[in-house]
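Engineer: Quick one: the structure is below, questions incoming.
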Amino acid sequence: MKNTKWISTGLLALLTSFAWGQTAAPARITAINFRGNSDPSQIEITATGPIEYTIEEDVKGKSVMIEIPNSQLAKGLDQKQDTSAFGTNVLSIQPVQAPGSDVVRVILQLREMARVEIDAKGKTLVASIPSAGDGSDSMVEDPGIAGMDPGLEPPPMQDLPPPGPMAPEMAKPEAPKPLDPKAALIEDFLSASERHEFVGSKITLQMKDADVGDIFRLISEASGFNIILGSDIRGTLTMSLVDVPWDLALDTVFQTLRLGGKRQGSVLRVMTLQAMTNEAQENLRAKQANELNQPRVTRLFPLSYADPATISTTLNAFLAAEQASASAIPGAAAPPVSSASGTVPGALVQVDTRTNSILVRDIPRRVDQMRKLIELMDTQTPQILIEAKIVEANETFGKSLAGAIGGGNLGSGPFGAGFNGIDPVAPIIPTAPVADSGITGQISWSPTVGFINGIQRINAQLTFGERQGSSKNIASPRLVVLNKQQASISQETPILVPGVATGPNGVQVPTLVPQPARLSLQVTPTVTNDGSVLMTLTLSRGVIQNSLVAARDMNTQVLVDSGSTLVLGGIYTQVASENETGMPFLRKIPLIGALFGSESNSMDKNELFFFITPRILNEKEAGLLPKSDQG
């Protein structure tokens with residue numbers, strides 16, 4: 001190494017710093033190994049620091065949880081290990097990182113509840129689990145499924161289809177192999193580099209014109225990595241790093257020299273970015289060539305709800321996108337394209353209208369992808385119940401007051417003044433109600449006088465009344481319609497309204513013309529992915545007023561949650577009127593002025609409201625997610 005100068009603690013400080021690390025950092029769980037060939041079976045947990053633990057037992061669920069505080073799971077260790085094939089008392093091992101905390105929980109599912117012995121020494125924890133039926137205390141229960149009532153029978157076993165290219169998820173998953181400590185460290189470094197979060201032990205590197213290979217050798221010795229450099233990585237580097245995390249130092253070298261790293265087993269491969277790109281492209285080209293040589297498989301997918309032509313168009317677009325992606329790989333030889341389908345020869349998507357099915361022929365990988373697309377798209381079309389209510393309320397109120405006064409000689413005839421049909425000198429008899437009066441009252445006064453020459457009788461009459469009424473009309477049309485389809489419902493009541501007709505010699509004569517009073521609802525709903533309904537609505541109601549048809553119409557577009565009721569709109573009208581008649585001046589006299597005139601007041605109120613309630617009838621079957629289940 002040329003002109004290499006160590007300052008500060010040098011290589012000894014670097015190694016010492018890495019060896020002791022940062023005591024405050026959580027220990028990292030690097031391996032969880034299961035030994036099923038011994039009795040008792042053993043589970044070995046390895047960490048980068050001392051292990052502390054607590055243990056909890058669930059007798060009913062036949063499980064044991066080992067909780068390790070101040071620890072983190074290495075990448076790839078959070079997968080469930082199925083150990084049932086070993087025939088031991090341990091069915092599965094599930095490592096879990098507690099959300100938002102440095103706590104690791106290892107959950108052991110047992111065939112039969114047994115006492116678990118823990119031996120923790122330094123950086124290793126060994127859990128020993130005796131075989132089922134060893135009589136480990138009195139915690140053994142009746143055979144059954146974990147978490148199930150012992151009095152219930154277990155569910156029957158179902159026959160699974162044989163594994164094949166169309167059902168890869170049905171094959172029994174293999175237990176993940178835990179990473180060895182060095183591979184786990186490499187994964188930690190690569191993930192920390194992507195997140196820009198560096199927590200490694202602090203080191204000091206100060207050198208001038210140092211060979212790149214020597215720099216990586218020093219970092220390899222400090223970090224414990226197995227590092228291999230690409231043949232095109234050459235040159236020197238001058239650096240001065242004091243008390244920085246070693247993973248930050250390694251990432252800085254990567255960024256400075258435009259390098260990248262890939263883990264292969266427990267080895268970190270360091271290459272230039274261009275070399276990594278070329279290697280990825282070569283791998284894609286090799287994968288493409290391998291797929292072109294694979295045998296084609298043919299599958300028939302029956303459809304229940306979707307339109308086969310629409311599904312076929314989508315699948316052909318998917319194949320075209322796959323072809324475009326393959327052709328975009330630099331240096332890849334584009335395969336010949338079929339003029340009929342626009343895809344690679346041998347790939348086929350055909351509609352069978354007789355059986356309402358889709359016939360697919362392609363390589364197994366793409367056939368499986370198309371199967372999943374078909375399952376996602378072949379769902380029930382949402383079906384919506386639309387219920388509308390049109391509520392019309394009327395209130396009326398009126399009052400009237402009328403009076404009259406007069407007199408005359410009993411023998412020669414009367415004279416006087418009367419209003420609203422009242423005869424002031426007629427015999428005192430009940431009179432007809434005043435117009436617009438619901439309840440009528442009457443007061444009459446008829447004294448005999450002799451002190452006025454020629455007048456022997458004076459009559460006075462006062463008539464008053466009130467009316468009050470209310471009515472409510474409710475119309476409730478409802479219908480069921482498929483998503484994005486237009487539907488309508490209507491009801492008509494014919495009535496006869498005044499009109500004109502042409503008689504003989506072209507003479508216009510009055511007549512009665514039939515006219516419908518219509519109640520109708522027209523709607524086009526669109527269901528959103530979150531379970532709401534967007535509707536284009538037309539509501540119409542004709543009401544009969546004074547032998548004529550009055551229209552009540554509304555057109556709108558609204559968004560409503562399924563099952564919710566929305567007030568779409570309303571109209572409020574109020575008509576007030578006051579009328580006074582009588583003899584000038586005299587009708588204004590206080591108290592007795594009512595005898596010389598009449599007055600009436602009326603108030604009419606009308607309220608009209610439109611309500612709408614949509615409800616999706618097949619929310620679950622259509623694959624919609626209710627709002628209560630979101631987030």
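So you can find residues: chains in the structure tokens are A, B, ... in the order shown, residues in each start at 1, and ligands are numbered from 1 in order.
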Using DSSP on the backbone coordinates, identify the residues of stretch 459-491 of chain A assigned to strand (DSSP E or B); present them as a ChimeraX atom specification.
Structural biologist: /A:459-475,478-482,487-491
Engineer: Write the residues of the selection above to a file with N, CA and C atoms, as an mmCIF file, in the first residue's frame.
Structural biologist:
```
data_model
loop_
_atom_site.group_PDB
_atom_site.id
_atom_site.type_symbol
_atom_site.label_atom_id
_atom_site.label_comp_id
_atom_site.auth_asym_id
_atom_site.auth_seq_id
_atom_site.Cartn_x
_atom_site.Cartn_y
_atom_site.Cartn_z
ATOM 1 N N ASN A 459 -132.060 46.276 14.393
ATOM 2 C CA ASN A 459 -131.423 44.951 14.361
ATOM 3 C C ASN A 459 -129.917 45.096 14.146
ATOM 4 N N ALA A 460 -129.133 44.320 14.848
ATOM 5 C CA ALA A 460 -127.661 44.252 14.644
ATOM 6 C C ALA A 460 -127.236 42.783 14.633
ATOM 7 N N GLN A 461 -126.332 42.470 13.731
ATOM 8 C CA GLN A 461 -125.906 41.063 13.571
ATOM 9 C C GLN A 461 -124.386 41.018 13.356
ATOM 10 N N LEU A 462 -123.695 40.119 14.063
ATOM 11 C CA LEU A 462 -122.227 39.953 13.957
ATOM 12 C C LEU A 462 -121.925 38.466 13.686
ATOM 13 N N THR A 463 -121.219 38.196 12.590
ATOM 14 C CA THR A 463 -120.869 36.812 12.188
ATOM 15 C C THR A 463 -119.350 36.669 12.133
ATOM 16 N N PHE A 464 -118.793 35.559 12.729
ATOM 17 C CA PHE A 464 -117.338 35.355 12.741
ATOM 18 C C PHE A 464 -117.048 33.863 12.631
ATOM 19 N N GLY A 465 -115.847 33.531 12.203
ATOM 20 C CA GLY A 465 -115.468 32.119 12.054
ATOM 21 C C GLY A 465 -113.991 31.940 11.767
ATOM 22 N N GLU A 466 -113.483 30.707 11.943
ATOM 23 C CA GLU A 466 -112.086 30.318 11.660
ATOM 24 C C GLU A 466 -112.078 28.970 10.968
ATOM 25 N N ARG A 467 -111.055 28.739 10.203
ATOM 26 C CA ARG A 467 -110.837 27.423 9.602
ATOM 27 C C ARG A 467 -109.344 27.059 9.745
ATOM 28 N N GLN A 468 -109.050 25.795 9.937
ATOM 29 C CA GLN A 468 -107.684 25.309 10.078
ATOM 30 C C GLN A 468 -107.627 23.874 9.546
ATOM 31 N N GLY A 469 -106.607 23.586 8.770
ATOM 32 C CA GLY A 469 -106.479 22.248 8.197
ATOM 33 C C GLY A 469 -105.030 21.905 7.887
ATOM 34 N N SER A 470 -104.735 20.615 7.789
ATOM 35 C CA SER A 470 -103.387 20.141 7.442
ATOM 36 C C SER A 470 -103.508 18.832 6.680
ATOM 37 N N SER A 471 -102.536 18.574 5.823
ATOM 38 C CA SER A 471 -102.512 17.327 5.047
ATOM 39 C C SER A 471 -101.066 16.958 4.756
ATOM 40 N N LYS A 472 -100.803 15.665 4.568
ATOM 41 C CA LYS A 472 -99.464 15.167 4.255
ATOM 42 C C LYS A 472 -99.592 14.074 3.198
ATOM 43 N N ASN A 473 -98.840 14.221 2.134
ATOM 44 C CA ASN A 473 -98.816 13.242 1.049
ATOM 45 C C ASN A 473 -97.416 12.648 0.954
ATOM 46 N N ILE A 474 -97.312 11.323 0.943
ATOM 47 C CA ILE A 474 -96.023 10.636 0.848
ATOM 48 C C ILE A 474 -96.075 9.681 -0.343
ATOM 49 N N ALA A 475 -95.132 9.846 -1.241
ATOM 50 C CA ALA A 475 -94.957 8.919 -2.364
ATOM 51 C C ALA A 475 -93.598 8.263 -2.225
ATOM 52 N N ARG A 478 -89.608 2.777 -5.426
ATOM 53 C CA ARG A 478 -88.363 2.065 -5.182
ATOM 54 C C ARG A 478 -88.148 1.061 -6.304
ATOM 55 N N LEU A 479 -86.861 0.772 -6.566
ATOM 56 C CA LEU A 479 -86.519 -0.191 -7.618
ATOM 57 C C LEU A 479 -85.134 -0.749 -7.359
ATOM 58 N N VAL A 480 -84.812 -1.866 -8.009
ATOM 59 C CA VAL A 480 -83.507 -2.516 -7.927
ATOM 60 C C VAL A 480 -82.861 -2.453 -9.312
ATOM 61 N N VAL A 481 -81.571 -2.093 -9.360
ATOM 62 C CA VAL A 481 -80.885 -1.900 -10.623
ATOM 63 C C VAL A 481 -79.443 -2.353 -10.481
ATOM 64 N N LEU A 482 -78.841 -2.836 -11.570
ATOM 65 C CA LEU A 482 -77.438 -3.215 -11.599
ATOM 66 C C LEU A 482 -76.555 -1.988 -11.728
ATOM 67 N N ALA A 487 -82.400 2.623 -14.913
ATOM 68 C CA ALA A 487 -83.674 2.000 -14.598
ATOM 69 C C ALA A 487 -84.683 3.088 -14.267
ATOM 70 N N SER A 488 -85.951 2.771 -14.479
ATOM 71 C CA SER A 488 -87.012 3.740 -14.189
ATOM 72 C C SER A 488 -88.266 2.999 -13.747
ATOM 73 N N ILE A 489 -89.088 3.680 -12.966
ATOM 74 C CA ILE A 489 -90.380 3.168 -12.531
ATOM 75 C C ILE A 489 -91.340 4.351 -12.498
ATOM 76 N N SER A 490 -92.619 4.115 -12.914
ATOM 77 C CA SER A 490 -93.575 5.218 -12.978
ATOM 78 C C SER A 490 -94.981 4.712 -12.706
ATOM 79 N N GLN A 491 -95.839 5.646 -12.309
ATOM 80 C CA GLN A 491 -97.258 5.381 -12.072
ATOM 81 C C GLN A 491 -98.031 6.602 -12.539
#
```
Engineer: Residues at most 6 Å from A:Gly260, counting only C-alpha atoms, excluding those fewer than 4 positions away in the same chain, as a PDB file with N, CA and C atoms, in the first residue's frame?
Structural biologist:
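This went into result.pdb:
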```pdb
ATOM      1  N   VAL A 270     -19.397  -6.856  -4.537  1.00  0.00           N
ATOM      2  CA  VAL A 270     -19.280  -5.430  -4.811  1.00  0.00           C
ATOM      3  C   VAL A 270     -18.971  -5.263  -6.292  1.00  0.00           C
ATOM      4  N   MET A 271     -19.830  -4.514  -7.005  1.00  0.00           N
ATOM      5  CA  MET A 271     -19.667  -4.296  -8.439  1.00  0.00           C
ATOM      6  C   MET A 271     -19.960  -2.843  -8.750  1.00  0.00           C
ATOM      7  N   THR A 272     -19.513  -2.417  -9.930  1.00  0.00           N
ATOM      8  CA  THR A 272     -19.908  -1.090 -10.401  1.00  0.00           C
ATOM      9  C   THR A 272     -21.384  -1.124 -10.782  1.00  0.00           C
ATOM     10  N   LEU A 273     -21.998   0.061 -10.755  1.00  0.00           N
ATOM     11  CA  LEU A 273     -23.414   0.121 -11.093  1.00  0.00           C
ATOM     12  C   LEU A 273     -23.669  -0.337 -12.520  1.00  0.00           C
TER      13      LEU A 273
END
```
Engineer: Which residues are close to A:Ile612, i.e. within 6 Å by only C-alpha atoms, leaving aside same-chain residues fewer than 4 positions away? Reply as a PyMOL selection string.
Structural biologist: chain A and resi 387-388+565-566
Engineer: Export N, CA and C atoms of the chosen residues as a compact mmCIF listing (two decimals), in the first residue's frame?
Structural biologist:
```
# COMPACT_ATOMS: atom_id res chain seq x y z
N GLU A 387 -84.42 3.58 -3.03
CA GLU A 387 -85.70 3.94 -2.44
C GLU A 387 -85.77 5.45 -2.30
N ALA A 388 -86.79 6.04 -2.92
CA ALA A 388 -86.99 7.49 -2.85
C ALA A 388 -88.29 7.78 -2.11
N THR A 565 -79.47 7.70 4.26
CA THR A 565 -80.56 8.48 3.67
C THR A 565 -80.12 9.93 3.55
N LEU A 566 -80.32 10.49 2.37
CA LEU A 566 -79.90 11.87 2.10
C LEU A 566 -81.11 12.69 1.69
```
Engineer: I'd like the neighbourhood of A:Ala127 as a PyMOL selection string, where a residue qualifies if any of its atoms comes within 9 Å (using only C-alpha atoms), though same-chain residues fewer than 6 positions away should be ignored.
Structural biologist: chain A and resi 41-45+116-120
Engineer: For a quick check of understanding, using only C-alpha atoms, which of A:Tyr53, A:Pro504, A:Pro26, A:Ile32 has the smallest distance to A:Val199?
Structural biologist: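 Smallest distance to A:Val199 is found for A:Pro26.
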Engineer: Quick one: residues within 12 Å of A:Met554, only C-alpha atoms counted, chain neighbours fewer than 4 positions away excluded, as a short mmCIF file (atom, residue, chain, number, x, y, z; two decimals) with N, CA and C atoms, in the first residue's frame?
Structural biologist:
```cif
data_model
loop_
_atom_site.label_atom_id
_atom_site.label_comp_id
_atom_site.auth_asym_id
_atom_site.auth_seq_id
_atom_site.Cartn_x
_atom_site.Cartn_y
_atom_site.Cartn_z
N ALA A 388 -86.79 6.04 -2.92
CA ALA A 388 -86.99 7.49 -2.85
C ALA A 388 -88.29 7.78 -2.11
N ILE A 390 -91.01 11.13 -1.55
CA ILE A 390 -91.43 12.50 -1.83
C ILE A 390 -92.50 12.86 -0.80
N LEU A 519 -96.17 9.78 -11.29
CA LEU A 519 -95.13 9.60 -10.28
C LEU A 519 -94.06 8.71 -10.89
N SER A 520 -92.81 9.20 -10.99
CA SER A 520 -91.77 8.42 -11.67
C SER A 520 -90.42 8.64 -11.00
N LEU A 521 -89.57 7.62 -11.12
CA LEU A 521 -88.18 7.65 -10.63
C LEU A 521 -87.31 7.05 -11.72
N GLN A 522 -86.28 7.79 -12.12
CA GLN A 522 -85.29 7.31 -13.09
C GLN A 522 -83.90 7.51 -12.50
N VAL A 523 -83.08 6.45 -12.52
CA VAL A 523 -81.78 6.51 -11.85
C VAL A 523 -80.75 5.71 -12.62
N THR A 536 -77.23 9.40 -10.75
CA THR A 536 -77.85 10.44 -11.57
C THR A 536 -79.36 10.20 -11.50
N LEU A 537 -80.09 11.15 -10.90
CA LEU A 537 -81.48 10.94 -10.52
C LEU A 537 -82.41 11.91 -11.23
N THR A 538 -83.61 11.42 -11.56
CA THR A 538 -84.72 12.24 -12.00
C THR A 538 -85.96 11.78 -11.26
N LEU A 539 -86.51 12.66 -10.40
CA LEU A 539 -87.72 12.39 -9.64
C LEU A 539 -88.82 13.32 -10.13
N SER A 540 -90.03 12.76 -10.34
CA SER A 540 -91.14 13.57 -10.84
C SER A 540 -92.42 13.10 -10.16
N ARG A 541 -93.25 14.09 -9.76
CA ARG A 541 -94.54 13.77 -9.17
C ARG A 541 -95.54 14.85 -9.57
N GLY A 542 -96.64 14.43 -10.19
CA GLY A 542 -97.71 15.34 -10.55
C GLY A 542 -98.82 15.27 -9.53
N LEU A 568 -82.36 15.28 -0.53
CA LEU A 568 -81.86 15.84 -1.79
C LEU A 568 -82.22 17.31 -1.95
N GLY A 569 -83.38 17.71 -1.48
CA GLY A 569 -83.79 19.10 -1.65
C GLY A 569 -85.20 19.28 -1.16
N GLY A 570 -85.67 20.52 -1.20
CA GLY A 570 -87.02 20.81 -0.76
C GLY A 570 -87.46 22.19 -1.22
N ILE A 571 -88.77 22.38 -1.22
CA ILE A 571 -89.37 23.67 -1.59
C ILE A 571 -90.36 24.04 -0.49
N LEU A 608 -92.27 20.74 0.53
CA LEU A 608 -92.01 19.60 -0.35
C LEU A 608 -90.56 19.15 -0.14
N PHE A 609 -90.33 17.84 0.16
CA PHE A 609 -88.99 17.31 0.41
C PHE A 609 -88.78 16.05 -0.43
N PHE A 610 -87.53 15.86 -0.88
CA PHE A 610 -87.13 14.67 -1.61
C PHE A 610 -86.05 13.93 -0.81
N PHE A 611 -86.25 12.64 -0.54
CA PHE A 611 -85.29 11.80 0.18
C PHE A 611 -84.86 10.65 -0.73
N ILE A 612 -83.61 10.19 -0.56
CA ILE A 612 -83.10 9.05 -1.35
C ILE A 612 -82.26 8.16 -0.44
#
```
Engineer: So that I can see what lies close to A:Gln97, please list as a list in words the residues with an atom at most 12 Å from it, counting only C-alpha atoms and leaving out residues fewer than 5 positions away in the same chain.
Structural biologist: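 Here the qualifying residues turn out to be Arg28, Ile29, Ile66, Glu67, Ile68, Pro69, Asn70, Ser71, Gln72, Leu73, Ala74, Lys75, Gly76, Leu77, Asp78, Gln79, Asp102, Val103, Val104, Arg105, Val106 and Ile107 of chain A.
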Engineer: Leaving out A:Leu185 and any residue of its chain fewer than 2 positions from it, which residues lie within 12 Å of it when counting only C-alpha atoms, given as a short mmCIF file (atom, residue, chain, number, x, y, z; two decimals) with N, CA, C and O atoms, in the first residue's frame?
Structural biologist:
```cif
data_model
loop_
_atom_site.label_atom_id
_atom_site.label_comp_id
_atom_site.auth_asym_id
_atom_site.auth_seq_id
_atom_site.Cartn_x
_atom_site.Cartn_y
_atom_site.Cartn_z
N ARG A 28 -29.33 -8.03 17.92
CA ARG A 28 -30.00 -8.49 16.71
C ARG A 28 -30.07 -10.01 16.71
O ARG A 28 -29.06 -10.68 16.87
N ILE A 29 -31.28 -10.53 16.57
CA ILE A 29 -31.49 -11.98 16.48
C ILE A 29 -31.08 -12.41 15.08
O ILE A 29 -31.71 -12.04 14.09
N THR A 30 -30.01 -13.17 14.98
CA THR A 30 -29.45 -13.53 13.67
C THR A 30 -29.83 -14.92 13.21
O THR A 30 -29.72 -15.23 12.02
N ALA A 31 -30.28 -15.81 14.11
CA ALA A 31 -30.61 -17.17 13.69
C ALA A 31 -31.56 -17.80 14.70
O ALA A 31 -31.47 -17.56 15.91
N ALA A 47 -28.06 -14.42 18.97
CA ALA A 47 -28.13 -12.97 18.85
C ALA A 47 -26.73 -12.39 18.84
O ALA A 47 -25.73 -13.09 19.08
N THR A 48 -26.64 -11.09 18.56
CA THR A 48 -25.34 -10.41 18.54
C THR A 48 -24.96 -9.88 19.91
O THR A 48 -23.90 -9.25 20.04
N LEU A 73 -35.24 -8.46 15.08
CA LEU A 73 -35.12 -9.61 14.19
C LEU A 73 -34.34 -9.23 12.95
O LEU A 73 -34.58 -8.17 12.34
N ALA A 74 -33.41 -10.08 12.54
CA ALA A 74 -32.72 -9.88 11.27
C ALA A 74 -33.69 -10.09 10.12
O ALA A 74 -34.71 -10.76 10.25
N LYS A 75 -33.38 -9.49 8.99
CA LYS A 75 -34.25 -9.59 7.82
C LYS A 75 -34.38 -11.05 7.39
O LYS A 75 -33.40 -11.77 7.27
N GLY A 76 -35.61 -11.48 7.15
CA GLY A 76 -35.85 -12.84 6.70
C GLY A 76 -36.20 -13.81 7.81
O GLY A 76 -36.59 -14.95 7.52
N LEU A 179 -31.12 -17.41 8.12
CA LEU A 179 -29.86 -16.89 7.61
C LEU A 179 -28.77 -17.10 8.66
O LEU A 179 -29.01 -17.02 9.86
N ASP A 180 -27.57 -17.37 8.16
CA ASP A 180 -26.46 -17.43 9.10
C ASP A 180 -26.09 -16.01 9.51
O ASP A 180 -26.52 -15.03 8.89
N PRO A 181 -25.32 -15.84 10.56
CA PRO A 181 -25.06 -14.50 11.09
C PRO A 181 -24.46 -13.55 10.07
O PRO A 181 -24.85 -12.37 10.01
N LYS A 182 -23.52 -14.01 9.24
CA LYS A 182 -22.89 -13.11 8.27
C LYS A 182 -23.87 -12.68 7.20
O LYS A 182 -23.89 -11.51 6.78
N ALA A 183 -24.71 -13.61 6.73
CA ALA A 183 -25.72 -13.23 5.73
C ALA A 183 -26.70 -12.24 6.32
O ALA A 183 -27.14 -11.30 5.64
N GLU A 187 -27.64 -8.42 4.98
CA GLU A 187 -29.00 -7.95 4.73
C GLU A 187 -29.28 -6.69 5.53
O GLU A 187 -29.93 -5.76 5.04
N ASP A 188 -28.81 -6.64 6.77
CA ASP A 188 -29.02 -5.44 7.59
C ASP A 188 -28.35 -4.23 6.96
O ASP A 188 -28.91 -3.13 6.95
N PHE A 189 -27.13 -4.43 6.44
CA PHE A 189 -26.43 -3.31 5.83
C PHE A 189 -27.15 -2.81 4.58
O PHE A 189 -27.33 -1.61 4.38
N LEU A 190 -27.60 -3.74 3.71
CA LEU A 190 -28.27 -3.33 2.47
C LEU A 190 -29.58 -2.60 2.76
O LEU A 190 -29.90 -1.60 2.11
N SER A 191 -30.33 -3.08 3.75
CA SER A 191 -31.58 -2.40 4.09
C SER A 191 -31.32 -1.05 4.74
O SER A 191 -32.03 -0.07 4.49
N ALA A 192 -30.27 -0.95 5.59
CA ALA A 192 -29.93 0.33 6.21
C ALA A 192 -29.48 1.33 5.17
O ALA A 192 -29.74 2.53 5.27
N VAL A 199 -26.46 2.37 12.06
CA VAL A 199 -26.36 2.18 13.51
C VAL A 199 -25.14 1.33 13.88
O VAL A 199 -25.04 0.84 15.00
N GLY A 200 -24.21 1.15 12.95
CA GLY A 200 -23.04 0.33 13.21
C GLY A 200 -22.10 0.98 14.22
O GLY A 200 -22.20 2.16 14.57
N SER A 220 -13.83 -5.16 5.59
CA SER A 220 -14.23 -6.56 5.75
C SER A 220 -13.77 -7.10 7.08
O SER A 220 -14.50 -7.81 7.78
N SER A 223 -16.00 -5.32 9.83
CA SER A 223 -17.42 -5.65 9.86
C SER A 223 -17.71 -7.13 9.95
O SER A 223 -18.81 -7.53 10.33
N GLY A 224 -16.75 -7.95 9.58
CA GLY A 224 -17.00 -9.38 9.55
C GLY A 224 -17.60 -9.86 8.25
O GLY A 224 -17.98 -11.03 8.13
N PHE A 225 -17.70 -8.98 7.25
CA PHE A 225 -18.25 -9.37 5.95
C PHE A 225 -17.27 -10.23 5.18
O PHE A 225 -16.04 -10.08 5.30
N ASN A 226 -17.85 -11.12 4.34
CA ASN A 226 -17.09 -11.75 3.28
C ASN A 226 -17.33 -10.95 2.01
O ASN A 226 -18.46 -10.90 1.51
N ASP A 247 -21.07 1.07 8.86
CA ASP A 247 -21.94 0.88 7.71
C ASP A 247 -22.11 2.18 6.92
O ASP A 247 -22.25 2.17 5.69
N ARG A 263 -26.07 -9.45 -2.10
CA ARG A 263 -25.74 -10.57 -1.23
C ARG A 263 -25.94 -11.87 -1.98
O ARG A 263 -26.96 -12.10 -2.62
N GLY A 265 -25.61 -15.59 -0.66
CA GLY A 265 -25.29 -16.39 0.51
C GLY A 265 -24.76 -15.49 1.61
O GLY A 265 -25.37 -14.49 1.99
N SER A 266 -23.60 -15.82 2.12
CA SER A 266 -22.97 -14.99 3.16
C SER A 266 -21.86 -14.13 2.60
O SER A 266 -20.98 -13.70 3.34
N VAL A 267 -21.89 -13.87 1.29
CA VAL A 267 -20.85 -13.08 0.62
C VAL A 267 -21.48 -11.82 0.06
O VAL A 267 -22.57 -11.86 -0.53
N LEU A 268 -20.80 -10.67 0.27
CA LEU A 268 -21.23 -9.41 -0.31
C LEU A 268 -20.44 -9.18 -1.59
O LEU A 268 -19.22 -9.02 -1.56
#
```
Engineer: Between stretch 262-337 of chain A and stretch 346-353 of chain A, at 7 Å or less, what are the per-residue closest atom pairs and their distances in Å? Count only C-alpha atoms, order by chain and rising residue number, and return it as a tab-separated table.
Structural biologist:
```
residue	atom	partner	partner_atom	distance
A:Pro308	CA	A:Val351	CA	6.2
A:Ala309	CA	A:Val351	CA	6.8
A:Ser312	CA	A:Val349	CA	6.3
A:Asn316	CA	A:Val349	CA	6.8
```
Engineer: Could you check how far atom CA of A:Ala594 sits from atom CA of A:Gly398, in Å to one decimal?
Structural biologist: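 One can read the atom CA of A:Ala594 to atom CA of A:Gly398 distance as 17.5 Å.
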Engineer: Closest to A:Ile384 among A:Val64, A:Ala27, A:Val297, A:Val560, using only C-alpha atoms?
Structural biologist: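 Using only C-alpha atoms, the shortest distance to A:Ile384 belongs to A:Val560.
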